[in-house]
Each structure stands twice: as structure tokens, then as C-alpha cells.
>>> print(open('coords.cif').read())   # mmCIF, C-alpha atoms (C1' of nucleotides)
data_start
loop_
_atom_site.label_atom_id
_atom_site.label_comp_id
_atom_site.auth_asym_id
_atom_site.auth_seq_id
_atom_site.Cartn_x
_atom_site.Cartn_y
_atom_site.Cartn_z
CA MET Q 1 4.61 52.57 -55.49
CA GLY Q 2 3.01 50.46 -52.84
CA TYR Q 3 0.65 52.88 -51.20
CA MET Q 4 1.72 55.95 -53.12
CA ASN Q 5 -0.54 58.38 -54.81
CA THR Q 6 1.44 58.34 -58.01
CA ALA Q 7 -0.19 57.49 -61.30
CA SER Q 8 -1.99 54.78 -63.25
CA ALA Q 9 -2.67 51.14 -62.40
CA SER Q 10 -6.28 50.03 -62.30
CA SER Q 11 -8.22 48.60 -59.37
CA ALA Q 12 -9.49 45.06 -59.42
CA ALA Q 13 -13.09 46.17 -59.61
CA ALA Q 14 -13.42 49.71 -60.90
CA GLY Q 15 -11.30 52.62 -62.14
CA GLU Q 16 -8.71 54.48 -60.15
CA PRO Q 17 -7.96 52.88 -56.79
CA ARG Q 18 -8.25 55.10 -53.75
CA TRP Q 19 -4.61 55.31 -52.71
CA LEU Q 20 -3.68 56.08 -49.16
CA THR Q 21 -3.00 59.71 -48.40
CA ASP Q 22 0.35 60.64 -46.90
CA GLU Q 23 -1.20 60.81 -43.49
CA GLU Q 24 -2.91 57.46 -43.89
CA GLN Q 25 0.36 55.98 -44.99
CA ARG Q 26 2.08 57.25 -41.88
CA VAL Q 27 -0.62 55.69 -39.73
CA TRP Q 28 -0.49 52.41 -41.57
CA ARG Q 29 3.27 52.15 -41.38
CA ALA Q 30 3.22 52.94 -37.70
CA TYR Q 31 0.68 50.18 -37.28
CA VAL Q 32 2.71 47.64 -39.19
CA ASP Q 33 5.91 48.59 -37.40
CA ALA Q 34 4.38 48.49 -33.96
CA THR Q 35 2.59 45.20 -34.43
CA THR Q 36 5.64 43.56 -35.96
CA LEU Q 37 7.90 44.72 -33.17
CA LEU Q 38 5.47 43.88 -30.42
CA GLU Q 39 4.67 40.44 -31.72
CA ASP Q 40 8.31 39.71 -31.96
CA HIS Q 41 9.01 41.11 -28.54
CA LEU Q 42 6.33 39.07 -26.81
CA ASP Q 43 7.17 35.92 -28.70
CA ARG Q 44 10.76 36.23 -27.68
CA GLN Q 45 9.98 36.97 -24.07
CA LEU Q 46 7.65 34.02 -23.74
CA GLN Q 47 9.78 31.68 -25.75
CA ARG Q 48 12.75 32.46 -23.56
CA ASP Q 49 10.94 32.32 -20.22
CA ALA Q 50 8.10 29.89 -20.74
CA GLY Q 51 9.25 27.91 -23.75
CA MET Q 52 6.34 28.71 -26.00
CA PRO Q 53 5.25 31.39 -28.45
CA HIS Q 54 2.68 34.02 -27.58
CA VAL Q 55 -0.19 32.30 -29.38
CA TYR Q 56 0.31 29.13 -27.40
CA TYR Q 57 0.33 31.07 -24.18
CA GLY Q 58 -2.93 32.65 -25.23
CA LEU Q 59 -4.45 29.22 -25.72
CA LEU Q 60 -3.55 28.18 -22.21
CA VAL Q 61 -5.09 31.38 -20.88
CA LYS Q 62 -8.37 30.70 -22.67
CA LEU Q 63 -8.48 27.18 -21.33
CA ALA Q 64 -7.73 28.37 -17.82
CA GLU Q 65 -10.73 30.67 -17.96
CA ALA Q 66 -13.10 28.10 -19.39
CA PRO Q 67 -15.59 26.25 -17.16
CA ARG Q 68 -13.87 22.99 -16.44
CA ARG Q 69 -10.58 24.18 -17.90
CA ARG Q 70 -11.69 22.68 -21.15
CA LEU Q 71 -12.96 23.84 -24.50
CA ARG Q 72 -14.00 22.15 -27.69
CA MET Q 73 -11.36 22.48 -30.39
CA THR Q 74 -13.54 24.51 -32.68
CA GLU Q 75 -14.58 26.87 -29.94
CA LEU Q 76 -11.03 27.41 -28.83
CA ALA Q 77 -9.98 28.09 -32.38
CA LYS Q 78 -12.76 30.62 -32.74
CA ASP Q 79 -11.84 32.31 -29.47
CA ALA Q 80 -8.20 32.53 -30.40
CA LYS Q 81 -8.92 33.63 -33.96
CA ILE Q 82 -6.88 30.88 -35.51
CA THR Q 83 -7.72 28.06 -37.89
CA ARG Q 84 -8.61 24.63 -36.64
CA SER Q 85 -5.63 23.21 -38.42
CA ARG Q 86 -3.27 25.53 -36.66
CA LEU Q 87 -4.91 24.74 -33.36
CA SER Q 88 -4.65 21.03 -33.97
CA HIS Q 89 -0.91 21.29 -34.47
CA ALA Q 90 -0.57 23.61 -31.52
CA VAL Q 91 -2.46 21.34 -29.16
CA SER Q 92 -0.35 18.40 -30.23
CA ARG Q 93 2.71 20.34 -29.26
CA LEU Q 94 1.25 21.48 -25.95
CA GLU Q 95 0.24 17.92 -25.29
CA LYS Q 96 3.84 16.81 -25.68
CA ASN Q 97 4.76 19.38 -23.04
CA GLY Q 98 2.14 17.93 -20.77
CA TRP Q 99 0.32 21.25 -20.50
CA VAL Q 100 -2.79 20.21 -22.35
CA ARG Q 101 -4.58 16.91 -22.78
CA ARG Q 102 -7.18 15.87 -25.33
CA GLU Q 103 -10.42 14.31 -24.22
CA ASP Q 104 -13.22 12.79 -26.20
CA CYS Q 105 -16.56 14.50 -26.18
CA PRO Q 106 -19.22 12.11 -24.90
CA SER Q 107 -22.13 13.72 -26.70
CA ASP Q 108 -20.44 14.01 -30.07
CA LYS Q 109 -17.99 11.33 -31.04
CA ARG Q 110 -16.31 13.61 -33.56
CA GLY Q 111 -15.62 16.19 -30.91
CA GLN Q 112 -12.53 16.71 -28.83
CA PHE Q 113 -11.92 18.78 -25.75
CA ALA Q 114 -8.65 20.47 -25.11
CA VAL Q 115 -8.12 20.32 -21.38
CA LEU Q 116 -5.60 22.33 -19.39
CA THR Q 117 -3.59 20.04 -17.13
CA ASP Q 118 -2.25 20.94 -13.72
CA ALA Q 119 1.19 21.29 -15.23
CA GLY Q 120 -0.31 23.67 -17.74
CA MET Q 121 -1.92 25.67 -14.98
CA ASP Q 122 1.44 25.83 -13.24
CA VAL Q 123 3.34 27.06 -16.22
CA LEU Q 124 0.71 29.74 -16.63
CA ARG Q 125 0.94 30.79 -12.99
CA ARG Q 126 4.68 30.92 -13.11
CA HIS Q 127 4.94 33.03 -16.21
CA ALA Q 128 1.89 35.25 -16.07
CA PRO Q 129 3.67 37.96 -14.06
CA GLY Q 130 6.53 38.19 -16.54
CA HIS Q 131 4.17 38.35 -19.44
CA VAL Q 132 1.99 41.00 -17.88
CA ASP Q 133 5.08 43.04 -17.13
CA ALA Q 134 6.14 42.81 -20.74
CA VAL Q 135 2.75 43.94 -21.98
CA ARG Q 136 2.66 46.78 -19.49
CA GLN Q 137 6.08 48.04 -20.34
CA ALA Q 138 5.52 47.86 -24.05
CA VAL Q 139 1.99 49.24 -24.15
CA PHE Q 140 0.08 50.44 -21.12
CA ASP Q 141 2.86 52.24 -19.33
CA ARG Q 142 3.41 54.36 -22.40
CA LEU Q 143 -0.14 55.40 -23.09
CA THR Q 144 -2.44 57.88 -21.40
CA PRO Q 145 -5.78 56.59 -20.13
CA GLU Q 146 -7.46 58.29 -23.08
CA GLN Q 147 -5.14 56.59 -25.52
CA GLN Q 148 -5.78 53.25 -23.89
CA LYS Q 149 -9.49 53.75 -24.21
CA SER Q 150 -9.10 54.85 -27.78
CA LEU Q 151 -6.94 51.84 -28.61
CA GLY Q 152 -9.56 49.54 -27.22
CA GLU Q 153 -12.30 51.09 -29.28
CA ILE Q 154 -10.30 51.13 -32.47
CA MET Q 155 -9.13 47.57 -32.17
CA GLY Q 156 -12.62 46.48 -31.29
CA ILE Q 157 -13.92 48.02 -34.48
CA VAL Q 158 -11.23 46.47 -36.63
CA ALA Q 159 -11.69 43.05 -35.09
CA GLU Q 160 -15.44 43.29 -35.45
CA GLY Q 161 -15.11 44.16 -39.10
CA LEU Q 162 -12.94 41.16 -39.81
CA GLN Q 163 -15.20 38.54 -38.32
CA PRO Q 164 -18.95 38.26 -38.79
CA SER Q 165 -19.02 37.99 -35.00
CA GLU Q 166 -22.31 36.47 -33.87
CA ALA Q 167 -23.86 36.81 -37.31
CA GLY Q 168 -26.47 34.15 -36.73
CA ALA Q 169 -25.06 31.67 -39.16
CA ASP Q 170 -21.71 30.10 -39.85
CA LEU Q 171 -18.08 31.02 -39.70
CA PRO Q 172 -16.89 31.71 -43.21
CA TRP Q 173 -13.99 33.58 -41.68
CA LEU Q 174 -12.73 30.31 -40.32
CA ARG Q 175 -11.31 29.06 -43.58
CA MET A 1 -5.26 33.26 -14.51
CA GLY A 2 -3.37 34.86 -17.31
CA TYR A 3 -4.05 38.53 -16.84
CA MET A 4 -6.42 38.21 -13.93
CA ASN A 5 -6.31 40.10 -10.72
CA THR A 6 -6.81 37.04 -8.62
CA ALA A 7 -4.33 36.10 -5.97
CA SER A 8 -0.73 35.20 -5.28
CA ALA A 9 2.19 34.44 -7.63
CA SER A 10 5.26 36.61 -7.40
CA SER A 11 6.82 38.80 -10.08
CA ALA A 12 10.20 38.02 -11.52
CA ALA A 13 11.79 41.00 -9.83
CA ALA A 14 9.73 42.25 -6.91
CA GLY A 15 6.56 41.41 -4.98
CA GLU A 16 3.04 41.44 -6.32
CA PRO A 17 2.88 41.92 -10.08
CA ARG A 18 0.71 44.73 -11.36
CA TRP A 19 -2.04 42.73 -13.03
CA LEU A 20 -4.10 44.21 -15.76
CA THR A 21 -7.37 45.77 -14.71
CA ASP A 22 -10.56 44.52 -16.33
CA GLU A 23 -10.56 47.47 -18.66
CA GLU A 24 -6.92 46.96 -19.60
CA GLN A 25 -7.66 43.34 -20.28
CA ARG A 26 -10.47 44.27 -22.64
CA VAL A 27 -8.16 46.62 -24.49
CA TRP A 28 -5.41 44.07 -24.71
CA ARG A 29 -7.66 41.31 -25.95
CA ALA A 30 -9.12 43.60 -28.55
CA TYR A 31 -5.61 44.40 -29.67
CA VAL A 32 -4.58 40.77 -29.92
CA ASP A 33 -7.77 39.79 -31.71
CA ALA A 34 -7.59 42.63 -34.20
CA THR A 35 -3.93 42.16 -35.05
CA THR A 36 -4.31 38.41 -35.40
CA LEU A 37 -7.31 38.73 -37.67
CA LEU A 38 -5.83 41.52 -39.73
CA GLU A 39 -2.50 39.85 -40.23
CA ASP A 40 -4.25 36.74 -41.33
CA HIS A 41 -6.56 38.62 -43.60
CA LEU A 42 -3.80 40.50 -45.39
CA ASP A 43 -1.59 37.47 -45.66
CA ARG A 44 -4.36 35.53 -47.24
CA GLN A 45 -5.31 38.29 -49.64
CA LEU A 46 -1.76 38.79 -50.83
CA GLN A 47 -0.93 35.12 -50.91
CA ARG A 48 -3.93 34.45 -53.07
CA ASP A 49 -3.53 37.41 -55.43
CA ALA A 50 0.18 38.09 -55.51
CA GLY A 51 1.65 34.81 -54.34
CA MET A 52 3.49 36.13 -51.33
CA PRO A 53 2.87 36.92 -47.67
CA HIS A 54 2.38 40.43 -46.40
CA VAL A 55 5.92 40.82 -45.07
CA TYR A 56 7.41 39.99 -48.46
CA TYR A 57 5.16 42.50 -50.11
CA GLY A 58 6.37 45.08 -47.61
CA LEU A 59 9.94 44.36 -48.57
CA LEU A 60 9.21 45.01 -52.22
CA VAL A 61 7.54 48.28 -51.29
CA LYS A 62 10.58 49.45 -49.35
CA LEU A 63 12.86 48.59 -52.22
CA ALA A 64 10.62 50.39 -54.69
CA GLU A 65 10.90 53.53 -52.62
CA ALA A 66 14.65 53.36 -52.16
CA PRO A 67 16.99 55.49 -54.32
CA ARG A 68 18.08 53.08 -57.02
CA ARG A 69 15.49 50.51 -56.04
CA ARG A 70 18.12 48.96 -53.86
CA LEU A 71 18.94 48.70 -50.18
CA ARG A 72 21.66 47.07 -48.17
CA MET A 73 20.43 43.93 -46.46
CA THR A 74 20.92 45.25 -42.96
CA GLU A 75 19.17 48.50 -43.74
CA LEU A 76 16.24 46.72 -45.29
CA ALA A 77 15.99 44.47 -42.28
CA LYS A 78 16.02 47.49 -40.00
CA ASP A 79 13.35 49.25 -42.06
CA ALA A 80 11.12 46.22 -42.10
CA LYS A 81 11.69 45.45 -38.43
CA ILE A 82 12.78 41.91 -39.06
CA THR A 83 15.98 40.02 -38.34
CA ARG A 84 18.71 39.74 -40.91
CA SER A 85 18.31 36.00 -40.92
CA ARG A 86 14.67 36.23 -41.77
CA LEU A 87 15.43 38.75 -44.47
CA SER A 88 18.11 36.55 -45.93
CA HIS A 89 15.67 33.69 -46.32
CA ALA A 90 13.00 36.00 -47.66
CA VAL A 91 15.26 37.53 -50.27
CA SER A 92 16.33 34.10 -51.42
CA ARG A 93 12.72 33.25 -52.00
CA LEU A 94 11.97 36.51 -53.77
CA GLU A 95 15.03 35.96 -55.90
CA LYS A 96 13.62 32.64 -57.06
CA ASN A 97 10.50 34.49 -58.12
CA GLY A 98 12.65 36.89 -60.08
CA TRP A 99 11.34 39.88 -58.15
CA VAL A 100 14.56 40.74 -56.37
CA ARG A 101 18.20 40.31 -57.26
CA ARG A 102 21.27 40.43 -55.04
CA GLU A 103 24.18 42.64 -55.94
CA ASP A 104 27.59 42.97 -54.37
CA CYS A 105 28.44 46.20 -52.64
CA PRO A 106 31.55 47.71 -54.23
CA SER A 107 32.71 49.64 -51.18
CA ASP A 108 32.28 46.81 -48.69
CA LYS A 109 32.95 43.32 -49.87
CA ARG A 110 30.84 41.86 -47.09
CA GLY A 111 27.85 43.89 -48.15
CA GLN A 112 24.98 42.93 -50.38
CA PHE A 113 22.30 44.99 -52.00
CA ALA A 114 18.81 43.70 -52.49
CA VAL A 115 17.62 45.15 -55.77
CA LEU A 116 14.06 45.25 -57.01
CA THR A 117 13.85 43.88 -60.55
CA ASP A 118 11.46 45.06 -63.24
CA ALA A 119 9.41 41.95 -62.69
CA GLY A 120 9.29 42.86 -59.02
CA MET A 121 8.16 46.36 -59.87
CA ASP A 122 5.45 44.89 -62.06
CA VAL A 123 4.11 42.55 -59.46
CA LEU A 124 3.93 45.49 -57.09
CA ARG A 125 2.12 47.66 -59.59
CA ARG A 126 -0.34 44.94 -60.38
CA HIS A 127 -1.25 44.15 -56.83
CA ALA A 128 -0.95 47.46 -55.03
CA PRO A 129 -4.57 48.43 -55.75
CA GLY A 130 -5.93 45.22 -54.33
CA HIS A 131 -3.80 45.50 -51.26
CA VAL A 132 -4.73 49.12 -50.62
CA ASP A 133 -8.37 48.19 -50.98
CA ALA A 134 -7.96 45.47 -48.40
CA VAL A 135 -6.29 47.83 -45.95
CA ARG A 136 -8.92 50.48 -46.51
CA GLN A 137 -11.82 48.13 -46.05
CA ALA A 138 -10.38 46.58 -42.94
CA VAL A 139 -9.10 49.71 -41.26
CA PHE A 140 -9.51 53.20 -42.64
CA ASP A 141 -13.05 52.93 -43.90
CA ARG A 142 -14.17 51.94 -40.44
CA LEU A 143 -12.46 54.65 -38.42
CA THR A 144 -13.24 58.32 -37.96
CA PRO A 145 -10.48 60.79 -38.81
CA GLU A 146 -9.89 61.28 -35.10
CA GLN A 147 -9.52 57.57 -34.56
CA GLN A 148 -7.10 57.33 -37.45
CA LYS A 149 -5.02 60.10 -35.98
CA SER A 150 -5.14 58.49 -32.59
CA LEU A 151 -4.15 55.12 -33.98
CA GLY A 152 -1.14 56.67 -35.65
CA GLU A 153 0.01 58.32 -32.46
CA ILE A 154 -0.49 55.25 -30.33
CA MET A 155 1.27 52.92 -32.71
CA GLY A 156 4.06 55.41 -33.09
CA ILE A 157 4.59 55.43 -29.35
CA VAL A 158 4.54 51.65 -29.07
CA ALA A 159 6.93 51.20 -31.96
CA GLU A 160 9.23 53.85 -30.60
CA GLY A 161 9.32 52.14 -27.24
CA LEU A 162 10.30 48.83 -28.74
CA GLN A 163 13.26 50.01 -30.74
CA PRO A 164 16.01 52.33 -29.57
CA SER A 165 15.23 54.23 -32.78
CA GLU A 166 18.14 56.48 -33.73
CA ALA A 167 19.84 55.96 -30.39
CA GLY A 168 23.27 56.90 -31.71
CA ALA A 169 24.76 53.48 -31.31
CA ASP A 170 23.92 49.98 -32.36
CA LEU A 171 20.87 47.87 -32.83
CA PRO A 172 20.62 45.52 -29.89
CA TRP A 173 16.98 45.10 -30.80
CA LEU A 174 18.10 43.38 -33.97
CA ARG A 175 18.94 40.11 -32.30
"C1'" DC Z 1 51.11 44.40 -40.65
"C1'" DA Z 2 49.74 40.66 -37.59
"C1'" DG Z 3 46.08 40.19 -34.15
"C1'" DT Z 4 41.65 40.94 -32.32
"C1'" DG Z 5 37.01 42.19 -32.13
"C1'" DG Z 6 33.04 43.64 -34.39
"C1'" DA Z 7 29.92 43.90 -38.45
"C1'" DA Z 8 27.51 41.86 -42.74
"C1'" DG Z 9 25.41 38.28 -44.32
"C1'" DT Z 10 24.33 33.25 -44.84
"C1'" DT Z 11 23.16 28.63 -43.50
"C1'" DG Z 12 20.83 24.47 -41.63
"C1'" DA Z 13 18.06 22.41 -38.42
"C1'" DG Z 14 14.06 22.60 -35.73
"C1'" DA Z 15 9.67 24.68 -34.77
"C1'" DG Z 16 5.39 26.80 -36.41
"C1'" DT Z 17 1.96 27.81 -40.11
"C1'" DT Z 18 -0.76 27.11 -44.32
"C1'" DC Z 19 -3.19 24.66 -47.60
"C1'" DA Z 20 -5.50 20.94 -49.53
"C1'" DA Z 21 -7.03 16.58 -48.69
"C1'" DG Z 22 -8.72 12.95 -45.77
"C1'" DT Z 23 -11.45 10.34 -41.96
"C1'" DA Z 24 -15.34 9.79 -39.13
"C1'" DG Z 25 -19.50 10.90 -37.25
"C1'" DA Z 26 -23.88 13.89 -37.13
"C1'" DA Z 27 -28.03 15.65 -39.52
"C1'" DG Z 28 -31.42 15.84 -42.66
"C1'" DC Z 29 -34.05 13.87 -46.53
"C1'" DT Z 30 -36.88 10.20 -48.80
"C1'" DA S 1 -32.79 2.22 -43.40
"C1'" DG S 2 -30.13 4.32 -47.11
"C1'" DC S 3 -28.25 8.49 -49.19
"C1'" DT S 4 -26.33 12.94 -49.28
"C1'" DT S 5 -24.35 16.70 -47.11
"C1'" DC S 6 -22.28 19.03 -43.53
"C1'" DT S 7 -19.40 19.36 -39.36
"C1'" DA S 8 -15.29 18.26 -36.36
"C1'" DC S 9 -10.96 17.39 -36.41
"C1'" DT S 10 -6.47 15.58 -38.23
"C1'" DT S 11 -2.71 14.94 -41.36
"C1'" DG S 12 1.36 15.69 -44.36
"C1'" DA S 13 3.83 18.40 -47.38
"C1'" DA S 14 5.43 22.83 -48.57
"C1'" DC S 15 6.69 27.05 -46.83
"C1'" DT S 16 8.25 30.49 -43.32
"C1'" DC S 17 10.62 31.85 -39.17
"C1'" DT S 18 13.91 31.33 -35.27
"C1'" DC S 19 18.08 30.31 -33.27
"C1'" DA S 20 22.68 29.37 -33.03
"C1'" DA S 21 26.59 28.70 -35.58
"C1'" DC S 22 29.70 30.02 -39.21
"C1'" DT S 23 32.29 32.67 -43.03
"C1'" DT S 24 34.11 36.67 -44.69
"C1'" DC S 25 35.61 41.08 -44.35
"C1'" DC S 26 36.31 45.71 -42.06
"C1'" DA S 27 38.48 48.49 -38.47
"C1'" DC S 28 41.26 49.25 -34.79
"C1'" DT S 29 45.21 48.34 -31.85
"C1'" DG S 30 49.80 47.71 -30.86
#
>>> encode(input="coords.cif", output="C-alpha cells")
Amino acid sequence: MGYMNTASASSAAAGEPRWLTDEEQRVWRAYVDATTLLEDHLDRQLQRDAGMPHVYYGLLVKLAEAPRRRLRMTELAKDAKITRSRLSHAVSRLEKNGWVRREDCPSDKRGQFAVLTDAGMDVLRRHAPGHVDAVRQAVFDRLTPEQQKSLGEIMGIVAEGLQPSEAGADLPWLR
Amino acid sequence: MGYMNTASASSAAAGEPRWLTDEEQRVWRAYVDATTLLEDHLDRQLQRDAGMPHVYYGLLVKLAEAPRRRLRMTELAKDAKITRSRLSHAVSRLEKNGWVRREDCPSDKRGQFAVLTDAGMDVLRRHAPGHVDAVRQAVFDRLTPEQQKSLGEIMGIVAEGLQPSEAGADLPWLR
DNA sequence: CAGTGGAAGTTGAGAGTTCAAGTAGAAGCT
DNA sequence: AGCTTCTACTTGAACTCTCAACTTCCACTG
């Protein structure tokens, strides 16, 4: 049961669901294990050293790379692949830390910018090396160049499939 | 800043940290994007259809595969790559749903078994097809057989690196 | 067999996330 | 202008996860 190729049970739409083969199961479980462990590992490292979870760190990075260290809330949410609600809570927390500040958008009174403060820039500078080390040790140092390339392609495909990307219109994937 | 190969800032241990190259950055961002989107996608699918997050579903699967549909708490936590605390909370919740039941271990009075109930088995049976479909659509249907194989190897390596695996002794990775 | 240290599991508080609803302003229509 | 609809963002409650105790019991030592 679960992913097994056992017996009955009908698919939502049509007849017999296409269960995962043994090999597919092995791949899938490896994926789940690795992502669970890695997420946990990075969260713990950053929480311990920098006082924030991995997602929050990622937000600061995106802001640091943006033109005037600022991004509209919706754009930041889209970049980081999180919901606006989650971002709103996150920014409030980062604001309390003094790492981010909100600013009104002049051209659209509904809009808000999230702006990286100097303190935010500092915290990033201080902890970037440790974070990069952690990523290296957990991932890149263990993979051959071919595997790294492969990983990039595969993850690109999966990510692409899960978001309409630039599909002309709206963002139904965002809630 | 963040992963950039810009300028100064010293590593925790030694001199200049080994920043990620542009290509490594692309790979890493693809990884983060894909895992974030996929996690979210599966959580939402299962929450909507089965009324539980992906991790909880995974716990039921492990129990369903275990000998008498039961596993010691610590073993289940180890299998699922989560902390015992998290598991304890999760099992309490699943117990309220009637999908899991706790049972005392006869040979070790400290021990507890998590046991999958018939209702738990049912919920699994009912929603396995939908979940497998979701995984297929998001991952396997988009990858070539070579990519699938590659993904399995890569994730196996990463997971292996993050847990001492069978390293004779204890589980320092478990908190 | 008391004493000590480790292992199994739980707990509660604080932090983070989700979901549904709510406010306010922009855009388009008539 | 007035009306409707959509967009941007926020909010609060319910739920989940983390972290640091804490309880209970096993195992080992003397």
C-alpha cells in the first residue's frame, strides 16, 4: 500500500492507477529522504548561526540582489515560490529583527516594498560563508560535475512543470 | 551577496570561503525552487483530498508496510527522517483521526508502538491513487529514464551524506 | 541492589505556515 | 461619476514544527 503495485483501488479519474514501479519507488523515497534531511539540516544550521530559517535567509538573498535592495511583496513571493500570506508573516518577523523594512509604493497605494536594511545586509554577509559551506558539504562536494549538471536539469524541469512560469497570464499557482 | 563570488567576508573556520560558481548557483536555485514547489504541491493535494499533510501520509505508508502494521516510535521517526518530538505530535493528531493507535510495548515499558488502524488503512487505500498520480505528473512523467535513474543516485548520495546511516552506533542526527 | 547514565517517549511554549476572510485601492465598463 | 471586478496585501485562528525540559524505565557499575 502507498505506492505499491498490489491490487485493486480505483483512480480518481479512470480505471487502474499507474502505480510506481519498484525502481520508481526507490527513486521517490530517495528524493523524499534527501529533501527532508537537507531541509532540516539547513534550517538547523541557519537557525543556530543566523537566527532564522532557510526560507527567511533566501528572502534576504533575493532582496540583496534586487535593484535598490527592494522588491514588491508579490514579486518577492513569486521569486521565492511562497504564498503572499506566508511572505507577509515572514516580512513582519524580519522587520522585528530590523533586517527588512516595509516601504509604500508611490505609484500604487496598495503596494508595498520589502527593503533590505543595512543590518539585514550585514547579517547576510556574516552568515553567507557558513551557509555556502553547509550547502557545499551536503551537496556539491559529494557529486560529480555530471551529476551536478544533471541535478540542475532535472530540478529545472520539475520546477518548470509546477509553475506556469511566464505563461502570459496570471499566477494560478499562487493560491 | 548570498552565494555570490564577490569580495571579502571570511569563513567560519579558515580564509576565503569557496563561493558557489554561477553554474552551481543555478543548480542550487533550481533545487530550492523545485523542492519548495513540489512540497507545497503535494501538501496541498493531500490536505485537500485526504485531510493530512504529506509527511503524515508518509507515516501511514510506513506503518502499512511494517510487519504487523506497527512500528516503534523511534524506528518510525528514523524511517521518516523526522525527530521523535515531531512524530509524537503527529501520531497524536493521527490518533484523533482514528487512523493510528498507540500500543504499549510488552518487552520495554518505555516503548510505544504506533499501529495503523483499519480506518487508517482505508484512508490510505482511498487516496493512494490520487497521490501517485500527483507524483507521476509532477516528476516521473517529465523525466527520461536516464534522468530518473540519475535522480535516484544523486538523492541517495545526498541522503546518505546527511545521516550516518547504519554507522554501528547511535543516531546523533536525530537531535 | 542502590546509583548513575543513557534511551524512549511526551509535553508545552514559541515560532512558522495555511486557509479563509477582510481592507483598500486600481481598472474597466456604462 | 458610479458600479463592478480584480489586485495587493494583511490578518487571525487553527494547525504544525522546534526546542528544551521532563518522566519513566532500562542497563550497567560497583
>>> resolve_selection(input="coords.cif", expression="the PyMOL selection byres ((chain S) within 10 of (chain Q))", output="PyMOL selection string")
chain S and resi 7-11+18
>>> resolve_selection(input="coords.cif", expression="the PyMOL selection byres ((chain A) within 6 of (chain Q))", output="MDAnalysis selection string")
chainID A and resid 2 11 17 27 30:31 34 61 128:129 152 155:156 158:159
>>> residues_near_point(input="coords.cif", point="(30.3, 33.3, -48.4)", cutoff="8 Å", atoms="only C-alpha atoms (C1' of nucleotides)", output="VMD selection string")
(chain Z and resid 10) or (chain S and resid 23 to 24)
>>> interface_residues(input="coords.cif", of="chain Z", to="chain A", cutoff="12 Å", atoms="all atoms listed in the file", output="list in words")
DG6, DA7, DA8, DG9, DT10, DT11, DG12, DT17, DT18 and DC19 of chain Z
>>> atom_distance(input="coords.cif", atom1="CA of Thr21 (chain A)", atom2="CA of Val91 (chain Q)")
28.8 Å
>>> resolve_selection(input="coords.cif", expression="the PyMOL selection byres ((chain S and resi 5) around 9)", output="count of residues only")
4
>>> atom_distance(input="coords.cif", atom1="CA of Pro53 (chain A)", atom2="CA of Leu46 (chain Q)")
24.6 Å
>>> residues_near_point(input="coords.cif", point="(21.4, 28.9, -31.5)", cutoff="12 Å", atoms="only C-alpha atoms (C1' of nucleotides)", output="list in words")
Arg175 of chain A; DG12, DA13 and DG14 of chain Z; DT18, DC19, DA20, DA21 and DC22 of chain S
>>> atom_distance(input="coords.cif", atom1="CA of Phe113 (chain Q)", atom2="CA of Arg101 (chain Q)")
8.1 Å
>>> closest_residue(input="coords.cif", among="S:DA1, S:DC28, S:DC17, S:DG12", to="DG5 (chain Z)", atoms="all atoms listed in the file")
S:DC28
>>> build_atoms(input="coords.cif", residues="region 86-97 of chain A", atoms="N, CA and C atoms", output="short mmCIF file (atom, residue, chain, number, x, y, z; two decimals), keeping the file's coordinate frame")
data_model
loop_
_atom_site.label_atom_id
_atom_site.label_comp_id
_atom_site.auth_asym_id
_atom_site.auth_seq_id
_atom_site.Cartn_x
_atom_site.Cartn_y
_atom_site.Cartn_z
N ARG A 86 15.97 36.35 -41.12
CA ARG A 86 14.67 36.23 -41.77
C ARG A 86 14.71 36.89 -43.15
N LEU A 87 15.33 38.05 -43.19
CA LEU A 87 15.43 38.75 -44.47
C LEU A 87 16.20 37.93 -45.49
N SER A 88 17.27 37.33 -45.03
CA SER A 88 18.11 36.55 -45.93
C SER A 88 17.29 35.43 -46.58
N HIS A 89 16.54 34.73 -45.78
CA HIS A 89 15.67 33.69 -46.32
C HIS A 89 14.64 34.28 -47.27
N ALA A 90 14.06 35.39 -46.86
CA ALA A 90 13.00 36.00 -47.66
C ALA A 90 13.54 36.43 -49.02
N VAL A 91 14.70 37.07 -49.01
CA VAL A 91 15.26 37.53 -50.27
C VAL A 91 15.59 36.35 -51.19
N SER A 92 16.06 35.28 -50.60
CA SER A 92 16.33 34.10 -51.42
C SER A 92 15.07 33.63 -52.13
N ARG A 93 13.99 33.67 -51.41
CA ARG A 93 12.72 33.25 -52.00
C ARG A 93 12.30 34.23 -53.08
N LEU A 94 12.38 35.50 -52.81
CA LEU A 94 11.97 36.51 -53.77
C LEU A 94 12.87 36.48 -55.01
N GLU A 95 14.09 36.09 -54.79
CA GLU A 95 15.03 35.96 -55.90
C GLU A 95 14.57 34.84 -56.84
N LYS A 96 14.10 33.76 -56.24
CA LYS A 96 13.62 32.64 -57.06
C LYS A 96 12.44 33.05 -57.90
N ASN A 97 11.64 33.98 -57.37
CA ASN A 97 10.50 34.49 -58.12
C ASN A 97 10.93 35.50 -59.19
#
